[in-house]
>>> print(open('data.txt').read())   # compact mmCIF, N, CA, C and O atoms
# COMPACT_ATOMS: atom_id res chain seq x y z
N MET A 1 7.59 -75.34 -46.10
CA MET A 1 7.94 -74.02 -46.61
C MET A 1 8.32 -73.08 -45.46
O MET A 1 9.25 -72.31 -45.61
N ILE A 2 7.62 -73.17 -44.35
CA ILE A 2 7.92 -72.31 -43.21
C ILE A 2 9.30 -72.64 -42.66
O ILE A 2 10.08 -71.74 -42.32
N GLU A 3 9.63 -73.94 -42.60
CA GLU A 3 10.95 -74.35 -42.10
C GLU A 3 12.07 -73.76 -42.95
O GLU A 3 13.07 -73.28 -42.44
N ARG A 4 11.88 -73.77 -44.26
CA ARG A 4 12.90 -73.21 -45.15
C ARG A 4 13.06 -71.71 -44.93
O ARG A 4 14.16 -71.17 -44.93
N ALA A 5 11.96 -71.02 -44.75
CA ALA A 5 12.01 -69.57 -44.49
C ALA A 5 12.72 -69.28 -43.17
O ALA A 5 13.50 -68.33 -43.08
N GLU A 6 12.50 -70.13 -42.18
CA GLU A 6 13.18 -69.96 -40.89
C GLU A 6 14.68 -70.20 -41.03
O GLU A 6 15.49 -69.48 -40.45
N GLN A 7 15.06 -71.21 -41.81
CA GLN A 7 16.47 -71.49 -42.04
C GLN A 7 17.14 -70.32 -42.76
O GLN A 7 18.26 -69.92 -42.42
N LEU A 8 16.47 -69.78 -43.76
CA LEU A 8 17.02 -68.65 -44.49
C LEU A 8 17.19 -67.45 -43.57
O LEU A 8 18.24 -66.79 -43.59
N ALA A 9 16.20 -67.18 -42.75
CA ALA A 9 16.29 -66.06 -41.80
C ALA A 9 17.46 -66.26 -40.84
O ALA A 9 18.20 -65.32 -40.53
N TYR A 10 17.64 -67.50 -40.38
CA TYR A 10 18.75 -67.82 -39.48
C TYR A 10 20.09 -67.54 -40.15
O TYR A 10 20.95 -66.87 -39.60
N TRP A 11 20.29 -68.06 -41.36
CA TRP A 11 21.56 -67.88 -42.05
C TRP A 11 21.81 -66.43 -42.44
O TRP A 11 22.95 -65.96 -42.41
N LEU A 12 20.77 -65.70 -42.79
CA LEU A 12 20.94 -64.28 -43.06
C LEU A 12 21.38 -63.53 -41.81
O LEU A 12 22.19 -62.61 -41.87
N GLY A 13 20.85 -63.95 -40.68
CA GLY A 13 21.25 -63.35 -39.40
C GLY A 13 22.71 -63.64 -39.09
O GLY A 13 23.47 -62.75 -38.66
N ILE A 14 23.12 -64.90 -39.29
CA ILE A 14 24.52 -65.28 -39.07
C ILE A 14 25.43 -64.48 -39.99
O ILE A 14 26.47 -63.96 -39.58
N ARG A 15 25.05 -64.37 -41.24
CA ARG A 15 25.85 -63.62 -42.22
C ARG A 15 25.98 -62.16 -41.79
O ARG A 15 27.06 -61.57 -41.86
N ALA A 16 24.89 -61.57 -41.35
CA ALA A 16 24.92 -60.18 -40.89
C ALA A 16 25.87 -60.02 -39.71
O ALA A 16 26.61 -59.03 -39.63
N GLU A 17 25.85 -60.97 -38.79
CA GLU A 17 26.77 -60.92 -37.64
C GLU A 17 28.23 -60.99 -38.11
O GLU A 17 29.07 -60.24 -37.61
N HIS A 18 28.51 -61.88 -39.04
CA HIS A 18 29.88 -62.02 -39.54
C HIS A 18 30.35 -60.75 -40.25
O HIS A 18 31.51 -60.34 -40.10
N LEU A 19 29.46 -60.14 -41.00
CA LEU A 19 29.83 -58.88 -41.65
C LEU A 19 30.07 -57.78 -40.63
O LEU A 19 30.99 -56.98 -40.76
N ALA A 20 29.25 -57.75 -39.59
CA ALA A 20 29.37 -56.71 -38.57
C ALA A 20 30.65 -56.86 -37.74
O ALA A 20 31.28 -55.87 -37.40
N ASP A 21 31.04 -58.09 -37.42
CA ASP A 21 32.22 -58.28 -36.58
C ASP A 21 33.52 -58.46 -37.37
O ASP A 21 34.58 -58.66 -36.82
N GLY A 22 33.42 -58.40 -38.70
CA GLY A 22 34.62 -58.45 -39.53
C GLY A 22 35.13 -59.84 -39.85
O GLY A 22 36.20 -59.98 -40.43
N THR A 23 34.40 -60.88 -39.48
CA THR A 23 34.86 -62.24 -39.78
C THR A 23 34.45 -62.70 -41.17
O THR A 23 34.85 -63.76 -41.61
N ALA A 24 33.68 -61.91 -41.87
CA ALA A 24 33.30 -62.21 -43.26
C ALA A 24 33.38 -60.92 -44.06
O ALA A 24 33.21 -59.83 -43.53
N THR A 25 33.64 -61.06 -45.32
CA THR A 25 33.71 -59.90 -46.20
C THR A 25 32.68 -60.05 -47.30
O THR A 25 32.47 -61.14 -47.81
N SER A 26 32.06 -58.95 -47.64
CA SER A 26 31.07 -58.97 -48.71
C SER A 26 31.63 -58.22 -49.91
O SER A 26 32.02 -57.07 -49.80
N TYR A 27 31.72 -58.91 -51.03
CA TYR A 27 32.20 -58.30 -52.25
C TYR A 27 31.03 -58.09 -53.20
O TYR A 27 30.11 -58.90 -53.24
N GLY A 28 31.09 -57.03 -53.96
CA GLY A 28 30.04 -56.76 -54.93
C GLY A 28 30.43 -55.57 -55.79
O GLY A 28 31.51 -54.99 -55.63
N PRO A 29 29.54 -55.19 -56.69
CA PRO A 29 29.86 -54.08 -57.60
C PRO A 29 30.04 -52.74 -56.89
O PRO A 29 30.63 -51.82 -57.45
N ASP A 30 29.57 -52.66 -55.65
CA ASP A 30 29.76 -51.42 -54.90
C ASP A 30 31.09 -51.38 -54.17
O ASP A 30 31.49 -50.33 -53.66
N THR A 31 31.81 -52.52 -54.09
CA THR A 31 33.09 -52.54 -53.38
C THR A 31 34.29 -52.82 -54.29
O THR A 31 35.43 -52.61 -53.88
N ILE A 32 34.05 -53.30 -55.50
CA ILE A 32 35.13 -53.63 -56.43
C ILE A 32 34.98 -52.80 -57.69
O ILE A 32 33.87 -52.64 -58.20
N ALA A 33 36.10 -52.27 -58.18
CA ALA A 33 36.08 -51.42 -59.38
C ALA A 33 37.04 -51.97 -60.44
O ALA A 33 37.97 -52.71 -60.14
N LYS A 34 36.80 -51.57 -61.67
CA LYS A 34 37.70 -51.92 -62.77
C LYS A 34 39.10 -51.42 -62.40
O LYS A 34 39.27 -50.30 -61.92
N GLY A 35 40.09 -52.26 -62.60
CA GLY A 35 41.46 -51.91 -62.24
C GLY A 35 41.89 -52.46 -60.88
O GLY A 35 43.09 -52.54 -60.60
N ASP A 36 40.93 -52.82 -60.02
CA ASP A 36 41.25 -53.45 -58.75
C ASP A 36 41.75 -54.87 -59.02
O ASP A 36 41.75 -55.34 -60.16
N TRP A 37 42.15 -55.55 -57.98
CA TRP A 37 42.61 -56.94 -58.08
C TRP A 37 41.78 -57.81 -57.14
O TRP A 37 41.44 -57.37 -56.04
N ILE A 38 41.47 -59.03 -57.60
CA ILE A 38 40.75 -59.97 -56.74
C ILE A 38 41.58 -61.25 -56.63
O ILE A 38 42.36 -61.57 -57.52
N ALA A 39 41.39 -61.95 -55.54
CA ALA A 39 42.08 -63.23 -55.33
C ALA A 39 41.08 -64.36 -55.45
O ALA A 39 39.92 -64.25 -55.04
N TRP A 40 41.59 -65.45 -56.03
CA TRP A 40 40.82 -66.69 -56.12
C TRP A 40 41.80 -67.84 -56.05
O TRP A 40 42.76 -67.88 -56.83
N ARG A 41 41.63 -68.71 -55.09
CA ARG A 41 42.50 -69.87 -54.89
C ARG A 41 43.98 -69.49 -54.83
O ARG A 41 44.84 -70.13 -55.44
N GLY A 42 44.28 -68.41 -54.12
CA GLY A 42 45.66 -68.01 -53.89
C GLY A 42 46.33 -67.24 -55.00
O GLY A 42 47.51 -66.92 -54.90
N THR A 43 45.61 -66.93 -56.06
CA THR A 43 46.18 -66.16 -57.17
C THR A 43 45.42 -64.86 -57.33
O THR A 43 44.20 -64.83 -57.21
N TRP A 44 46.15 -63.79 -57.64
CA TRP A 44 45.55 -62.48 -57.81
C TRP A 44 45.35 -62.18 -59.29
O TRP A 44 46.23 -62.45 -60.11
N TYR A 45 44.20 -61.60 -59.62
CA TYR A 45 43.84 -61.27 -61.01
C TYR A 45 43.36 -59.83 -61.09
O TYR A 45 42.59 -59.38 -60.24
N PRO A 46 43.77 -59.08 -62.13
CA PRO A 46 43.26 -57.73 -62.30
C PRO A 46 41.81 -57.77 -62.81
O PRO A 46 41.45 -58.62 -63.62
N VAL A 47 41.01 -56.86 -62.32
CA VAL A 47 39.61 -56.79 -62.72
C VAL A 47 39.50 -55.98 -64.01
O VAL A 47 39.91 -54.82 -64.06
N LYS A 48 38.97 -56.60 -65.04
CA LYS A 48 38.80 -55.96 -66.34
C LYS A 48 37.44 -55.28 -66.47
O LYS A 48 37.30 -54.29 -67.18
N ARG A 49 36.43 -55.85 -65.79
CA ARG A 49 35.08 -55.32 -65.88
C ARG A 49 34.31 -55.72 -64.63
O ARG A 49 34.51 -56.81 -64.10
N VAL A 50 33.44 -54.84 -64.17
CA VAL A 50 32.59 -55.11 -63.01
C VAL A 50 31.16 -55.26 -63.49
O VAL A 50 30.63 -54.39 -64.18
N ASN A 51 30.57 -56.39 -63.17
CA ASN A 51 29.19 -56.68 -63.55
C ASN A 51 28.32 -56.80 -62.30
O ASN A 51 28.83 -56.76 -61.19
N LYS A 52 27.04 -56.98 -62.48
CA LYS A 52 26.12 -57.06 -61.35
C LYS A 52 26.42 -58.26 -60.45
O LYS A 52 26.42 -58.14 -59.23
N LYS A 53 26.69 -59.43 -61.02
CA LYS A 53 26.90 -60.65 -60.24
C LYS A 53 28.32 -61.21 -60.32
O LYS A 53 28.68 -62.12 -59.59
N THR A 54 29.13 -60.67 -61.24
CA THR A 54 30.48 -61.19 -61.47
C THR A 54 31.46 -60.07 -61.78
O THR A 54 31.05 -58.94 -62.05
N VAL A 55 32.74 -60.42 -61.77
CA VAL A 55 33.77 -59.55 -62.33
C VAL A 55 34.41 -60.30 -63.49
O VAL A 55 34.45 -61.54 -63.50
N THR A 56 34.91 -59.57 -64.45
CA THR A 56 35.63 -60.16 -65.58
C THR A 56 37.11 -60.02 -65.31
O THR A 56 37.59 -58.94 -64.96
N ILE A 57 37.83 -61.15 -65.47
CA ILE A 57 39.26 -61.19 -65.22
C ILE A 57 39.95 -61.87 -66.41
O ILE A 57 39.28 -62.53 -67.20
N PRO A 58 41.28 -61.72 -66.53
CA PRO A 58 41.96 -62.47 -67.58
C PRO A 58 41.78 -63.98 -67.35
O PRO A 58 41.50 -64.42 -66.24
N SER A 59 41.98 -64.75 -68.38
CA SER A 59 41.84 -66.20 -68.29
C SER A 59 42.62 -66.76 -67.11
O SER A 59 43.80 -66.44 -66.94
N ILE A 60 41.98 -67.61 -66.32
CA ILE A 60 42.66 -68.19 -65.15
C ILE A 60 43.68 -69.25 -65.54
O ILE A 60 44.52 -69.62 -64.74
N VAL A 61 43.64 -69.70 -66.80
CA VAL A 61 44.62 -70.69 -67.27
C VAL A 61 45.64 -70.07 -68.23
O VAL A 61 46.43 -70.78 -68.83
N GLY A 62 45.59 -68.76 -68.39
CA GLY A 62 46.57 -68.08 -69.21
C GLY A 62 46.22 -67.93 -70.68
O GLY A 62 47.07 -67.59 -71.47
N GLY A 63 44.97 -68.19 -71.04
CA GLY A 63 44.56 -68.04 -72.43
C GLY A 63 44.37 -66.59 -72.82
O GLY A 63 44.52 -65.68 -72.01
N SER A 64 44.02 -66.36 -74.06
CA SER A 64 43.82 -65.00 -74.56
C SER A 64 42.41 -64.48 -74.29
O SER A 64 42.12 -63.33 -74.58
N TRP A 65 41.54 -65.30 -73.76
CA TRP A 65 40.16 -64.92 -73.46
C TRP A 65 40.06 -64.40 -72.03
O TRP A 65 41.04 -64.33 -71.31
N THR A 66 38.86 -64.04 -71.63
CA THR A 66 38.61 -63.62 -70.25
C THR A 66 37.69 -64.63 -69.58
O THR A 66 37.00 -65.40 -70.23
N ASP A 67 37.69 -64.61 -68.27
CA ASP A 67 36.79 -65.43 -67.47
C ASP A 67 35.97 -64.52 -66.58
O ASP A 67 36.36 -63.37 -66.31
N THR A 68 34.85 -65.04 -66.11
CA THR A 68 34.06 -64.30 -65.13
C THR A 68 34.14 -65.03 -63.80
O THR A 68 34.22 -66.25 -63.75
N MET A 69 34.15 -64.25 -62.73
CA MET A 69 34.24 -64.79 -61.39
C MET A 69 33.07 -64.25 -60.57
O MET A 69 32.90 -63.03 -60.48
N ARG A 70 32.28 -65.14 -60.00
CA ARG A 70 31.19 -64.71 -59.12
C ARG A 70 31.76 -64.07 -57.86
O ARG A 70 32.80 -64.50 -57.37
N TYR A 71 31.07 -63.07 -57.34
CA TYR A 71 31.53 -62.41 -56.12
C TYR A 71 31.67 -63.40 -54.97
O TYR A 71 32.57 -63.27 -54.13
N THR A 72 30.82 -64.41 -54.93
CA THR A 72 30.87 -65.39 -53.84
C THR A 72 32.12 -66.25 -53.88
O THR A 72 32.47 -66.87 -52.89
N ASN A 73 32.83 -66.31 -55.01
CA ASN A 73 34.06 -67.10 -55.13
C ASN A 73 35.31 -66.30 -54.82
O ASN A 73 36.39 -66.87 -54.70
N ILE A 74 35.19 -65.00 -54.69
CA ILE A 74 36.35 -64.14 -54.45
C ILE A 74 36.82 -64.32 -53.01
O ILE A 74 36.03 -64.27 -52.08
N THR A 75 38.14 -64.51 -52.84
CA THR A 75 38.69 -64.72 -51.51
C THR A 75 39.53 -63.55 -51.01
O THR A 75 40.01 -63.58 -49.88
N GLY A 76 39.71 -62.54 -51.84
CA GLY A 76 40.46 -61.36 -51.43
C GLY A 76 40.26 -60.23 -52.41
O GLY A 76 39.89 -60.46 -53.56
N HIS A 77 40.50 -59.02 -51.95
CA HIS A 77 40.32 -57.84 -52.80
C HIS A 77 41.32 -56.78 -52.39
O HIS A 77 41.56 -56.55 -51.21
N ARG A 78 41.94 -56.16 -53.39
CA ARG A 78 42.83 -55.02 -53.19
C ARG A 78 42.49 -53.98 -54.25
O ARG A 78 42.24 -54.32 -55.40
N THR A 79 42.51 -52.73 -53.85
CA THR A 79 42.29 -51.67 -54.82
C THR A 79 43.52 -51.55 -55.71
O THR A 79 44.60 -52.06 -55.37
N ALA A 80 43.35 -50.87 -56.83
CA ALA A 80 44.49 -50.66 -57.74
C ALA A 80 45.61 -49.92 -57.02
O ALA A 80 46.79 -50.24 -57.18
N ALA A 81 45.25 -48.95 -56.18
CA ALA A 81 46.26 -48.18 -55.44
C ALA A 81 47.01 -49.08 -54.46
O ALA A 81 48.24 -48.97 -54.32
N GLU A 82 46.30 -49.96 -53.77
CA GLU A 82 46.96 -50.87 -52.84
C GLU A 82 47.91 -51.81 -53.57
O GLU A 82 49.02 -52.08 -53.10
N MET A 83 47.52 -52.29 -54.73
CA MET A 83 48.37 -53.20 -55.49
C MET A 83 49.59 -52.51 -56.06
O MET A 83 50.63 -53.14 -56.24
N SER A 84 49.49 -51.21 -56.34
CA SER A 84 50.64 -50.51 -56.90
C SER A 84 51.72 -50.28 -55.85
O SER A 84 52.89 -50.12 -56.19
N THR A 85 51.35 -50.27 -54.57
CA THR A 85 52.33 -50.04 -53.52
C THR A 85 52.78 -51.31 -52.83
O THR A 85 53.87 -51.37 -52.30
N GLN A 86 51.93 -52.33 -52.83
CA GLN A 86 52.29 -53.57 -52.14
C GLN A 86 51.52 -54.73 -52.74
O GLN A 86 50.31 -54.82 -52.61
N ARG A 87 52.21 -55.61 -53.38
CA ARG A 87 51.57 -56.79 -53.98
C ARG A 87 51.53 -57.90 -52.90
O ARG A 87 52.56 -58.30 -52.41
N PRO A 88 50.33 -58.39 -52.56
CA PRO A 88 50.25 -59.43 -51.53
C PRO A 88 50.83 -60.76 -52.01
O PRO A 88 50.86 -61.05 -53.20
N ALA A 89 51.28 -61.56 -51.05
CA ALA A 89 51.81 -62.89 -51.37
C ALA A 89 50.66 -63.82 -51.71
O ALA A 89 49.51 -63.58 -51.35
N ALA A 90 50.96 -64.88 -52.42
CA ALA A 90 49.94 -65.87 -52.78
C ALA A 90 49.28 -66.40 -51.52
O ALA A 90 49.93 -66.65 -50.52
N GLY A 91 47.98 -66.55 -51.58
CA GLY A 91 47.22 -67.08 -50.45
C GLY A 91 46.87 -66.05 -49.40
O GLY A 91 46.19 -66.32 -48.44
N GLU A 92 47.31 -64.85 -49.56
CA GLU A 92 47.03 -63.79 -48.58
C GLU A 92 45.69 -63.19 -48.82
O GLU A 92 45.24 -63.02 -49.92
>>> encode(input="data.txt", output="structure tokens")
Amino acid sequence: MIERAEQLAYWLGIRAEHLADGTATSYGPDTIAKGDWIAWRGTWYPVKRVNKKTVTIPSIVGGSWTDTMRYTNITGHRTAAEMSTQRPAAGE
């Protein structure tokens, strides 16, 4: 149990360093708003709803339903204002 706690402390420290030096980005309900856009696997999706652990986006396969995306799976984020002036290329 102690070894696991030490590993967790180590990885939390590494994560904090990455956030501090800009090599990692942290997404969550405090950084993403309804109307913003998120990227996943090179495709951008408009955010329909912001939840505690996920965002709601249109169906990733083009259906009439919505999907939820965990913050940990998001690979990019643009505000609604940023998207209205410049749409990023796929994979950006």
>>> residues_around(input="data.txt", residues="segment 74-87 of chain A", least_positions_apart="5", cutoff="5 Å", atoms="only N, CA, C and O atoms", output="ChimeraX atom specification")
/A:35-40
>>> residues_around(input="data.txt", residues="Lys52 of chain A", least_positions_apart="4", cutoff="8 Å", atoms="only N, CA, C and O atoms", output="MDAnalysis selection string")
chainID A and resid 27:30 71
>>> select_by_dssp(input="data.txt", residues="segment 30-81 of chain A", states="helix (DSSP H, G or I)", output="PyMOL selection string")
chain A and resi 71-73+80-81
>>> residues_around(input="data.txt", residues="Ile57 of chain A", least_positions_apart="3", cutoff="4.5 Å", atoms="all atoms listed in the file", output="list of chain:residue names")
A:Pro46, A:Thr66, A:Asp67
>>> select_by_dssp(input="data.txt", residues="chain A", states="strand (DSSP E)", output="PyMOL selection string")
chain A and resi 37-40+43-46+49-50+54-58+66-70+76-78
>>> write_last_selection(input="data.txt", atoms="N, CA, C and O atoms", output="mmCIF file, in the frame of the given file")
data_model
loop_
_atom_site.group_PDB
_atom_site.id
_atom_site.type_symbol
_atom_site.label_atom_id
_atom_site.label_comp_id
_atom_site.auth_asym_id
_atom_site.auth_seq_id
_atom_site.Cartn_x
_atom_site.Cartn_y
_atom_site.Cartn_z
ATOM 1 N N TRP A 37 42.150 -55.550 -57.980
ATOM 2 C CA TRP A 37 42.610 -56.940 -58.080
ATOM 3 C C TRP A 37 41.780 -57.810 -57.140
ATOM 4 O O TRP A 37 41.440 -57.370 -56.040
ATOM 5 N N ILE A 38 41.470 -59.030 -57.600
ATOM 6 C CA ILE A 38 40.750 -59.970 -56.740
ATOM 7 C C ILE A 38 41.580 -61.250 -56.630
ATOM 8 O O ILE A 38 42.360 -61.570 -57.520
ATOM 9 N N ALA A 39 41.390 -61.950 -55.540
ATOM 10 C CA ALA A 39 42.080 -63.230 -55.330
ATOM 11 C C ALA A 39 41.080 -64.360 -55.450
ATOM 12 O O ALA A 39 39.920 -64.250 -55.040
ATOM 13 N N TRP A 40 41.590 -65.450 -56.030
ATOM 14 C CA TRP A 40 40.820 -66.690 -56.120
ATOM 15 C C TRP A 40 41.800 -67.840 -56.050
ATOM 16 O O TRP A 40 42.760 -67.880 -56.830
ATOM 17 N N THR A 43 45.610 -66.930 -56.060
ATOM 18 C CA THR A 43 46.180 -66.160 -57.170
ATOM 19 C C THR A 43 45.420 -64.860 -57.330
ATOM 20 O O THR A 43 44.200 -64.830 -57.210
ATOM 21 N N TRP A 44 46.150 -63.790 -57.640
ATOM 22 C CA TRP A 44 45.550 -62.480 -57.810
ATOM 23 C C TRP A 44 45.350 -62.180 -59.290
ATOM 24 O O TRP A 44 46.230 -62.450 -60.110
ATOM 25 N N TYR A 45 44.200 -61.600 -59.620
ATOM 26 C CA TYR A 45 43.840 -61.270 -61.010
ATOM 27 C C TYR A 45 43.360 -59.830 -61.090
ATOM 28 O O TYR A 45 42.590 -59.380 -60.240
ATOM 29 N N PRO A 46 43.770 -59.080 -62.130
ATOM 30 C CA PRO A 46 43.260 -57.730 -62.300
ATOM 31 C C PRO A 46 41.810 -57.770 -62.810
ATOM 32 O O PRO A 46 41.450 -58.620 -63.620
ATOM 33 N N ARG A 49 36.430 -55.850 -65.790
ATOM 34 C CA ARG A 49 35.080 -55.320 -65.880
ATOM 35 C C ARG A 49 34.310 -55.720 -64.630
ATOM 36 O O ARG A 49 34.510 -56.810 -64.100
ATOM 37 N N VAL A 50 33.440 -54.840 -64.170
ATOM 38 C CA VAL A 50 32.590 -55.110 -63.010
ATOM 39 C C VAL A 50 31.160 -55.260 -63.490
ATOM 40 O O VAL A 50 30.630 -54.390 -64.180
ATOM 41 N N THR A 54 29.130 -60.670 -61.240
ATOM 42 C CA THR A 54 30.480 -61.190 -61.470
ATOM 43 C C THR A 54 31.460 -60.070 -61.780
ATOM 44 O O THR A 54 31.050 -58.940 -62.050
ATOM 45 N N VAL A 55 32.740 -60.420 -61.770
ATOM 46 C CA VAL A 55 33.770 -59.550 -62.330
ATOM 47 C C VAL A 55 34.410 -60.300 -63.490
ATOM 48 O O VAL A 55 34.450 -61.540 -63.500
ATOM 49 N N THR A 56 34.910 -59.570 -64.450
ATOM 50 C CA THR A 56 35.630 -60.160 -65.580
ATOM 51 C C THR A 56 37.110 -60.020 -65.310
ATOM 52 O O THR A 56 37.590 -58.940 -64.960
ATOM 53 N N ILE A 57 37.830 -61.150 -65.470
ATOM 54 C CA ILE A 57 39.260 -61.190 -65.220
ATOM 55 C C ILE A 57 39.950 -61.870 -66.410
ATOM 56 O O ILE A 57 39.280 -62.530 -67.200
ATOM 57 N N PRO A 58 41.280 -61.720 -66.530
ATOM 58 C CA PRO A 58 41.960 -62.470 -67.580
ATOM 59 C C PRO A 58 41.780 -63.980 -67.350
ATOM 60 O O PRO A 58 41.500 -64.420 -66.240
ATOM 61 N N THR A 66 38.860 -64.040 -71.630
ATOM 62 C CA THR A 66 38.610 -63.620 -70.250
ATOM 63 C C THR A 66 37.690 -64.630 -69.580
ATOM 64 O O THR A 66 37.000 -65.400 -70.230
ATOM 65 N N ASP A 67 37.690 -64.610 -68.270
ATOM 66 C CA ASP A 67 36.790 -65.430 -67.470
ATOM 67 C C ASP A 67 35.970 -64.520 -66.580
ATOM 68 O O ASP A 67 36.360 -63.370 -66.310
ATOM 69 N N THR A 68 34.850 -65.040 -66.110
ATOM 70 C CA THR A 68 34.060 -64.300 -65.130
ATOM 71 C C THR A 68 34.140 -65.030 -63.800
ATOM 72 O O THR A 68 34.220 -66.250 -63.750
ATOM 73 N N MET A 69 34.150 -64.250 -62.730
ATOM 74 C CA MET A 69 34.240 -64.790 -61.390
ATOM 75 C C MET A 69 33.070 -64.250 -60.570
ATOM 76 O O MET A 69 32.900 -63.030 -60.480
ATOM 77 N N ARG A 70 32.280 -65.140 -60.000
ATOM 78 C CA ARG A 70 31.190 -64.710 -59.120
ATOM 79 C C ARG A 70 31.760 -64.070 -57.860
ATOM 80 O O ARG A 70 32.800 -64.500 -57.370
ATOM 81 N N GLY A 76 39.710 -62.540 -51.840
ATOM 82 C CA GLY A 76 40.460 -61.360 -51.430
ATOM 83 C C GLY A 76 40.260 -60.230 -52.410
ATOM 84 O O GLY A 76 39.890 -60.460 -53.560
ATOM 85 N N HIS A 77 40.500 -59.020 -51.950
ATOM 86 C CA HIS A 77 40.320 -57.840 -52.800
ATOM 87 C C HIS A 77 41.320 -56.780 -52.390
ATOM 88 O O HIS A 77 41.560 -56.550 -51.210
ATOM 89 N N ARG A 78 41.940 -56.160 -53.390
ATOM 90 C CA ARG A 78 42.830 -55.020 -53.190
ATOM 91 C C ARG A 78 42.490 -53.980 -54.250
ATOM 92 O O ARG A 78 42.240 -54.320 -55.400
#
>>> closest_residue(input="data.txt", among="A:Thr68, A:Thr54, A:Ser59, A:Asn73", to="Arg41 of chain A", atoms="all atoms listed in the file")
A:Asn73
>>> atom_distance(input="data.txt", atom1="atom O of Gly63 of chain A", atom2="atom CA of Asn51 of chain A")
19.7 Å
>>> atom_distance(input="data.txt", atom1="atom CA of Ala16 of chain A", atom2="atom CA of Ile2 of chain A")
21.0 Å
>>> atom_distance(input="data.txt", atom1="atom CA of Arg70 of chain A", atom2="atom CA of Thr56 of chain A")
9.1 Å
